[in-house]
Every structure is written in structure tokens, then in C-alpha cells.
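Peer 1: For reference, this is input-v5.csv, and it has CSV, C-alpha atoms.
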chain,number,residue,atom,x,y,z
W,1,MET,CA,8.6,-3.0,-17.4
W,2,THR,CA,7.2,-2.0,-14.0
W,3,SER,CA,6.2,-4.2,-11.2
W,4,THR,CA,3.6,-3.5,-8.6
W,5,THR,CA,3.1,-4.9,-5.1
W,6,PRO,CA,-0.3,-6.7,-4.8
W,7,THR,CA,-2.7,-4.7,-2.8
W,8,PRO,CA,-4.0,-6.2,0.4
W,9,THR,CA,-7.8,-6.6,0.7
W,10,LYS,CA,-9.2,-5.7,4.1
W,11,GLY,CA,-11.9,-7.8,5.7
W,12,SER,CA,-12.0,-10.3,2.9
W,13,ALA,CA,-11.9,-13.6,4.9
W,14,ASN,CA,-14.9,-15.7,3.9
W,15,LEU,CA,-16.3,-17.7,6.8
W,16,THR,CA,-18.7,-20.7,6.1
W,17,LEU,CA,-20.1,-23.5,8.2
W,18,PRO,CA,-19.8,-26.6,5.9
W,19,ASN,CA,-21.2,-29.0,8.4
W,20,ASP,CA,-22.4,-29.2,12.0
W,21,THR,CA,-18.9,-29.1,13.6
W,22,ASP,CA,-16.6,-27.1,11.2
W,23,ILE,CA,-15.9,-23.5,10.6
W,24,GLN,CA,-14.1,-22.8,7.4
W,25,VAL,CA,-12.3,-19.5,6.7
W,26,VAL,CA,-10.7,-18.8,3.3
W,27,ARG,CA,-8.5,-15.7,2.9
W,28,GLU,CA,-6.1,-14.6,0.2
W,29,PHE,CA,-3.0,-12.7,1.3
W,30,ALA,CA,-0.9,-10.4,-0.9
W,31,ALA,CA,2.4,-12.2,-0.2
W,32,PRO,CA,4.1,-15.5,-0.9
W,33,ALA,CA,3.5,-18.5,1.3
W,34,ALA,CA,6.9,-18.3,3.0
W,35,ALA,CA,6.1,-14.8,4.3
W,36,VAL,CA,2.6,-15.7,5.4
W,37,TRP,CA,4.0,-18.8,7.1
W,38,ARG,CA,6.5,-16.7,9.1
W,39,VAL,CA,3.6,-14.4,10.3
W,40,PHE,CA,1.8,-17.5,11.6
W,41,THR,CA,4.8,-19.2,13.2
W,42,GLU,CA,7.3,-16.6,14.5
W,43,PRO,CA,6.5,-15.2,18.0
W,44,GLU,CA,7.5,-11.6,17.3
W,45,LEU,CA,5.3,-11.5,14.3
W,46,ILE,CA,2.3,-13.3,16.0
W,47,ALA,CA,2.5,-10.7,18.8
W,48,GLN,CA,1.8,-8.0,16.2
W,49,TRP,CA,-1.5,-9.4,14.8
W,50,TRP,CA,-3.0,-12.0,17.1
W,51,ALA,CA,-5.0,-9.6,19.3
W,52,GLY,CA,-6.3,-7.5,16.4
W,53,GLN,CA,-7.8,-4.3,17.8
W,54,HIS,CA,-9.2,-6.1,20.9
W,55,GLY,CA,-6.2,-5.9,23.2
W,56,THR,CA,-2.4,-6.2,23.6
W,57,VAL,CA,-0.6,-9.5,23.2
W,58,THR,CA,1.3,-10.2,26.5
W,59,SER,CA,2.8,-13.6,25.7
W,60,VAL,CA,3.6,-15.8,22.7
W,61,GLU,CA,5.2,-19.2,23.2
W,62,ILE,CA,5.4,-21.4,20.2
W,63,ASP,CA,7.3,-24.6,19.3
W,64,ALA,CA,5.9,-25.3,15.8
W,65,ARG,CA,6.8,-28.9,15.3
W,66,PRO,CA,4.8,-32.1,15.7
W,67,GLY,CA,4.4,-32.6,19.4
W,68,GLY,CA,5.4,-29.0,20.1
W,69,THR,CA,3.1,-26.7,22.0
W,70,TYR,CA,2.0,-23.1,21.9
W,71,ARG,CA,0.3,-20.6,24.2
W,72,TYR,CA,-0.9,-17.1,23.2
W,73,ALA,CA,-2.2,-14.6,25.8
W,74,MET,CA,-3.5,-11.1,25.6
W,75,GLN,CA,-4.8,-8.4,27.8
W,76,ALA,CA,-8.2,-7.5,26.4
W,77,ASN,CA,-9.1,-3.8,26.1
W,78,GLU,CA,-11.8,-4.5,28.8
W,79,GLY,CA,-9.1,-5.5,31.2
W,80,PHE,CA,-9.3,-9.3,31.4
W,81,GLU,CA,-6.8,-11.9,30.1
W,82,VAL,CA,-7.6,-14.1,27.0
W,83,ALA,CA,-5.4,-17.1,26.4
W,84,PHE,CA,-5.3,-20.1,24.1
W,85,HIS,CA,-3.0,-23.1,24.1
W,86,GLY,CA,-2.6,-26.3,22.2
W,87,GLU,CA,-0.3,-28.9,20.6
W,88,PHE,CA,0.9,-29.2,17.0
W,89,THR,CA,0.1,-32.5,15.3
W,90,GLN,CA,1.3,-31.7,11.8
W,91,VAL,CA,3.8,-29.1,10.5
W,92,VAL,CA,4.8,-28.9,6.8
W,93,PRO,CA,6.6,-25.5,6.4
W,94,THR,CA,4.8,-23.1,4.1
W,95,GLU,CA,2.1,-25.7,3.3
W,96,ARG,CA,0.2,-27.1,6.3
W,97,LEU,CA,-0.1,-26.5,10.0
W,98,VAL,CA,-2.4,-28.5,12.3
W,99,HIS,CA,-2.9,-28.0,16.0
W,100,THR,CA,-5.4,-28.4,18.8
W,101,GLU,CA,-6.7,-25.3,20.4
W,102,VAL,CA,-8.1,-24.8,23.9
W,103,PHE,CA,-9.6,-21.5,25.0
W,104,GLU,CA,-8.5,-21.2,28.6
W,105,GLY,CA,-11.7,-19.3,29.6
W,106,MET,CA,-14.0,-22.0,28.5
W,107,PRO,CA,-15.6,-23.9,31.4
W,108,ASP,CA,-15.3,-27.2,29.5
W,109,GLY,CA,-11.6,-26.7,28.9
W,110,GLU,CA,-10.0,-29.6,27.1
W,111,SER,CA,-13.3,-31.3,26.3
W,112,ALA,CA,-14.2,-28.2,24.1
W,113,ALA,CA,-10.8,-28.2,22.3
W,114,THR,CA,-10.9,-27.7,18.5
W,115,LEU,CA,-8.6,-29.0,15.8
W,116,ASN,CA,-7.4,-26.3,13.5
W,117,THR,CA,-6.0,-27.1,10.1
W,118,TYR,CA,-4.3,-24.3,8.1
W,119,VAL,CA,-3.5,-25.0,4.4
W,120,PHE,CA,-1.3,-22.4,2.6
W,121,VAL,CA,-1.4,-22.4,-1.3
W,122,GLU,CA,0.7,-20.0,-3.2
W,123,HIS,CA,-0.2,-18.8,-6.7
W,124,ASP,CA,1.5,-15.9,-8.6
W,125,GLY,CA,3.1,-14.6,-5.4
W,126,ARG,CA,-0.2,-14.5,-3.4
W,127,THR,CA,-1.2,-17.1,-0.8
W,128,THR,CA,-4.7,-18.5,-0.2
W,129,LEU,CA,-5.1,-19.8,3.4
W,130,THR,CA,-7.9,-22.2,4.1
W,131,LEU,CA,-8.4,-22.6,7.8
W,132,VAL,CA,-10.8,-25.3,9.1
W,133,THR,CA,-11.6,-25.3,12.8
W,134,ARG,CA,-13.3,-28.6,13.8
W,135,ALA,CA,-15.2,-28.4,17.1
W,136,PRO,CA,-16.1,-31.4,19.1
W,137,SER,CA,-19.9,-30.6,18.8
W,138,LYS,CA,-22.3,-28.3,17.0
W,139,GLU,CA,-22.8,-26.5,20.4
W,140,VAL,CA,-19.1,-25.7,20.7
W,141,ARG,CA,-18.9,-24.6,17.1
W,142,ASP,CA,-22.0,-22.3,17.5
W,143,ALA,CA,-20.5,-20.9,20.7
W,144,ILE,CA,-17.3,-20.0,18.8
W,145,VAL,CA,-19.2,-18.4,16.0
W,146,SER,CA,-21.5,-16.4,18.3
W,147,SER,CA,-18.5,-15.2,20.4
W,148,GLY,CA,-17.7,-12.5,17.8
W,149,MET,CA,-14.7,-14.5,16.5
W,150,GLU,CA,-15.3,-13.4,12.9
W,151,SER,CA,-14.8,-9.7,13.5
W,152,GLY,CA,-11.6,-10.4,15.5
W,153,LEU,CA,-10.4,-12.8,12.8
W,154,GLN,CA,-11.0,-10.2,10.1
W,155,GLU,CA,-9.0,-7.7,12.0
W,156,GLY,CA,-6.2,-10.1,12.7
W,157,PHE,CA,-6.0,-11.4,9.2
W,158,ASP,CA,-5.8,-7.8,7.9
W,159,LEU,CA,-2.7,-7.3,10.0
W,160,VAL,CA,-1.3,-10.7,8.8
W,161,ASP,CA,-1.7,-9.4,5.3
W,162,GLU,CA,0.2,-6.1,6.0
W,163,LEU,CA,2.9,-7.9,7.9
W,164,ALA,CA,3.4,-10.7,5.3
W,165,ALA,CA,3.4,-8.1,2.4
W,166,GLY,CA,6.1,-6.2,4.3
W,167,LEU,CA,8.3,-9.4,4.5
W,168,ALA,CA,7.9,-10.3,0.8
What does this structure look like when you write it as C-alpha cells?

Peer 2:
Amino acid sequence: MTSTTPTPTKGSANLTLPNDTDIQVVREFAAPAAAVWRVFTEPELIAQWWAGQHGTVTSVEIDARPGGTYRYAMQANEGFEVAFHGEFTQVVPTERLVHTEVFEGMPDGESAATLNTYVFVEHDGRTTLTLVTRAPSKEVRDAIVSSGMESGLQEGFDLVDELAAGLA
């Protein structure tokens, strides 16, 4: 009997807008939930995927527990810094991660914060991630979508898939 490693699928995240304030992204990863979880919660792994092809991660600080905070920063290829920070409200290892997110370059700052909910479901050694980003308004949601976030997300999630498969 031979076993094969599941093949990652590049660019396969499916983005939908289920209502006026939410962005939903569903992506399957070719690795068990424990490996995918590590890639989303360990600083040295986050640093390898978070910027995608758009820059270089310069800082990852993360305390993944309820009430814990995080901050990720990158030097964009165009020469400017991009940073996000927030607070974890729910952490269930390998299953669920919920946190606020503030884009530090947004003029509205905290009032434009989103709530991001990640749900990890493993089946047959593969993990389906459902990410829901809830914006405070349709305008903020639309600004996020029009920022080019989908292409960056696809690139980053492709790297998550590679990293998680390597950990499995």
C-alpha cells in the first residue's frame, strides 16, 4: 500500500460577500488542522507567509489567548510600512480563532476595526478554513475588498498551504 501527500491547490480561496458587512473566505489546506493552526499562530511561521509576495515581514508579535494581542508589520515592496494589530477574543486551539483587526494606515483607525473569525475543520487529513471578516459598515467592507486584499490573501494562503503541508 502506498500513501501520497495531498497536493496543495494554489489560488483556491473562495471569497464571497454574504451580507452588507461580511467578507467570507473558504479555503482547503492539504494538511491537518494542527499544522494549519501552527502556521496561523506561531510568529516564525506567520513571518513566512503573511506578506505574500507584496513585501517582507518585519515584525510579528502574537499572544494567542483570550485578551492577548497581536501586531504584524511588513515593509511593502513599494517602500512603505503596512501594519495591523488587534486583540483575541476567543481561542480554541486547532478549531477557532477570533480577533479584532485594525489596519494602522486607515484614517478611521479603531472605528474601522473588523472582527475576524477563523474556523478550522479537519476531514481526512485536510483542513477547511472558513474566515469571516465582519466590518463595522458596508463602506468599510467595500474598502477592504477594493484594496486588492483578495490577491494578497490568495498568495498568503498558498504559502500557508505549503508551510502546513511541510509540518504534517

Peer 1: Write out as a ChimeraX atom specification the residues lying within 12 Å of W:Glu101, counting all atoms listed in the file and excluding same-chain residues fewer than 2 positions away.

Peer 2: /W:69-72,83-89,98-99,103-104,106,109-117,133-136,144

Peer 1: Create the file for the chosen residues now, containing C-alpha atoms and written as a PDB file, in the coordinates of the input.

Peer 2:
ATOM      1  CA  THR W  69       3.100 -26.700  22.000  1.00  0.00           C
ATOM      2  CA  TYR W  70       2.000 -23.100  21.900  1.00  0.00           C
ATOM      3  CA  ARG W  71       0.300 -20.600  24.200  1.00  0.00           C
ATOM      4  CA  TYR W  72      -0.900 -17.100  23.200  1.00  0.00           C
ATOM      5  CA  ALA W  83      -5.400 -17.100  26.400  1.00  0.00           C
ATOM      6  CA  PHE W  84      -5.300 -20.100  24.100  1.00  0.00           C
ATOM      7  CA  HIS W  85      -3.000 -23.100  24.100  1.00  0.00           C
ATOM      8  CA  GLY W  86      -2.600 -26.300  22.200  1.00  0.00           C
ATOM      9  CA  GLU W  87      -0.300 -28.900  20.600  1.00  0.00           C
ATOM     10  CA  PHE W  88       0.900 -29.200  17.000  1.00  0.00           C
ATOM     11  CA  THR W  89       0.100 -32.500  15.300  1.00  0.00           C
ATOM     12  CA  VAL W  98      -2.400 -28.500  12.300  1.00  0.00           C
ATOM     13  CA  HIS W  99      -2.900 -28.000  16.000  1.00  0.00           C
ATOM     14  CA  PHE W 103      -9.600 -21.500  25.000  1.00  0.00           C
ATOM     15  CA  GLU W 104      -8.500 -21.200  28.600  1.00  0.00           C
ATOM     16  CA  MET W 106     -14.000 -22.000  28.500  1.00  0.00           C
ATOM     17  CA  GLY W 109     -11.600 -26.700  28.900  1.00  0.00           C
ATOM     18  CA  GLU W 110     -10.000 -29.600  27.100  1.00  0.00           C
ATOM     19  CA  SER W 111     -13.300 -31.300  26.300  1.00  0.00           C
ATOM     20  CA  ALA W 112     -14.200 -28.200  24.100  1.00  0.00           C
ATOM     21  CA  ALA W 113     -10.800 -28.200  22.300  1.00  0.00           C
ATOM     22  CA  THR W 114     -10.900 -27.700  18.500  1.00  0.00           C
ATOM     23  CA  LEU W 115      -8.600 -29.000  15.800  1.00  0.00           C
ATOM     24  CA  ASN W 116      -7.400 -26.300  13.500  1.00  0.00           C
ATOM     25  CA  THR W 117      -6.000 -27.100  10.100  1.00  0.00           C
ATOM     26  CA  THR W 133     -11.600 -25.300  12.800  1.00  0.00           C
ATOM     27  CA  ARG W 134     -13.300 -28.600  13.800  1.00  0.00           C
ATOM     28  CA  ALA W 135     -15.200 -28.400  17.100  1.00  0.00           C
ATOM     29  CA  PRO W 136     -16.100 -31.400  19.100  1.00  0.00           C
ATOM     30  CA  ILE W 144     -17.300 -20.000  18.800  1.00  0.00           C
TER      31      ILE W 144
END

Peer 1: Here is a test: counting all atoms listed in the file, which residue of W:Leu129, W:Gly55, W:Leu15, W:Glu81 is nearest to W:Val160?

Peer 2: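 Checking each candidate against W:Val160, we get W:Leu129 as the closest.
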
Peer 1: What is the distance, in Å and to one decimal place, between atom CA of W:Gly125 and atom CA of W:Pro32?

Peer 2: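 Atom CA of W:Gly125 sits 4.7 Å away from atom CA of W:Pro32.
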
Peer 1: For a quick check of understanding, using all atoms listed in the file, which of W:Ser151, W:Gln75, W:Thr94, W:Ser12 has the smallest distance to W:Phe29?

Peer 2: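 Looking only at the distances to W:Phe29, the closest residue turns out to be W:Ser12.
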
Peer 1: To one decimal place in Å, what is the distance between atom CA of W:Glu78 and atom CA of W:Ala51?

Peer 2: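 That distance, rounded to one decimal, is 12.7 Å.
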
Peer 1: Would you work out the distance separating atom CA of W:Ala13 from atom CA of W:Gly148, expressed in Å to one decimal?

Peer 2: 14.2 Å

Peer 1: Just the residues within 10 Å of W:Met74, please, counting only C-alpha atoms, with nothing from its chain fewer than 3 positions along; format it as a list in words.

Peer 2: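 Returned residues: Ala47, Trp50, Ala51, His54, Gly55, Thr56, Val57, Thr58, Ser59, Val60, Asn77, Gly79, Phe80, Glu81, Val82, Ala83 and Phe84 of chain W.
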
Peer 1: Name the closest residue to W:Glu122 among the candidates W:Val36, W:Leu163, W:Ala143, W:Ile46; distances are taken between atoms, counting all atoms listed in the file.

Peer 2: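 Result for the nearest residue to W:Glu122: W:Val36.
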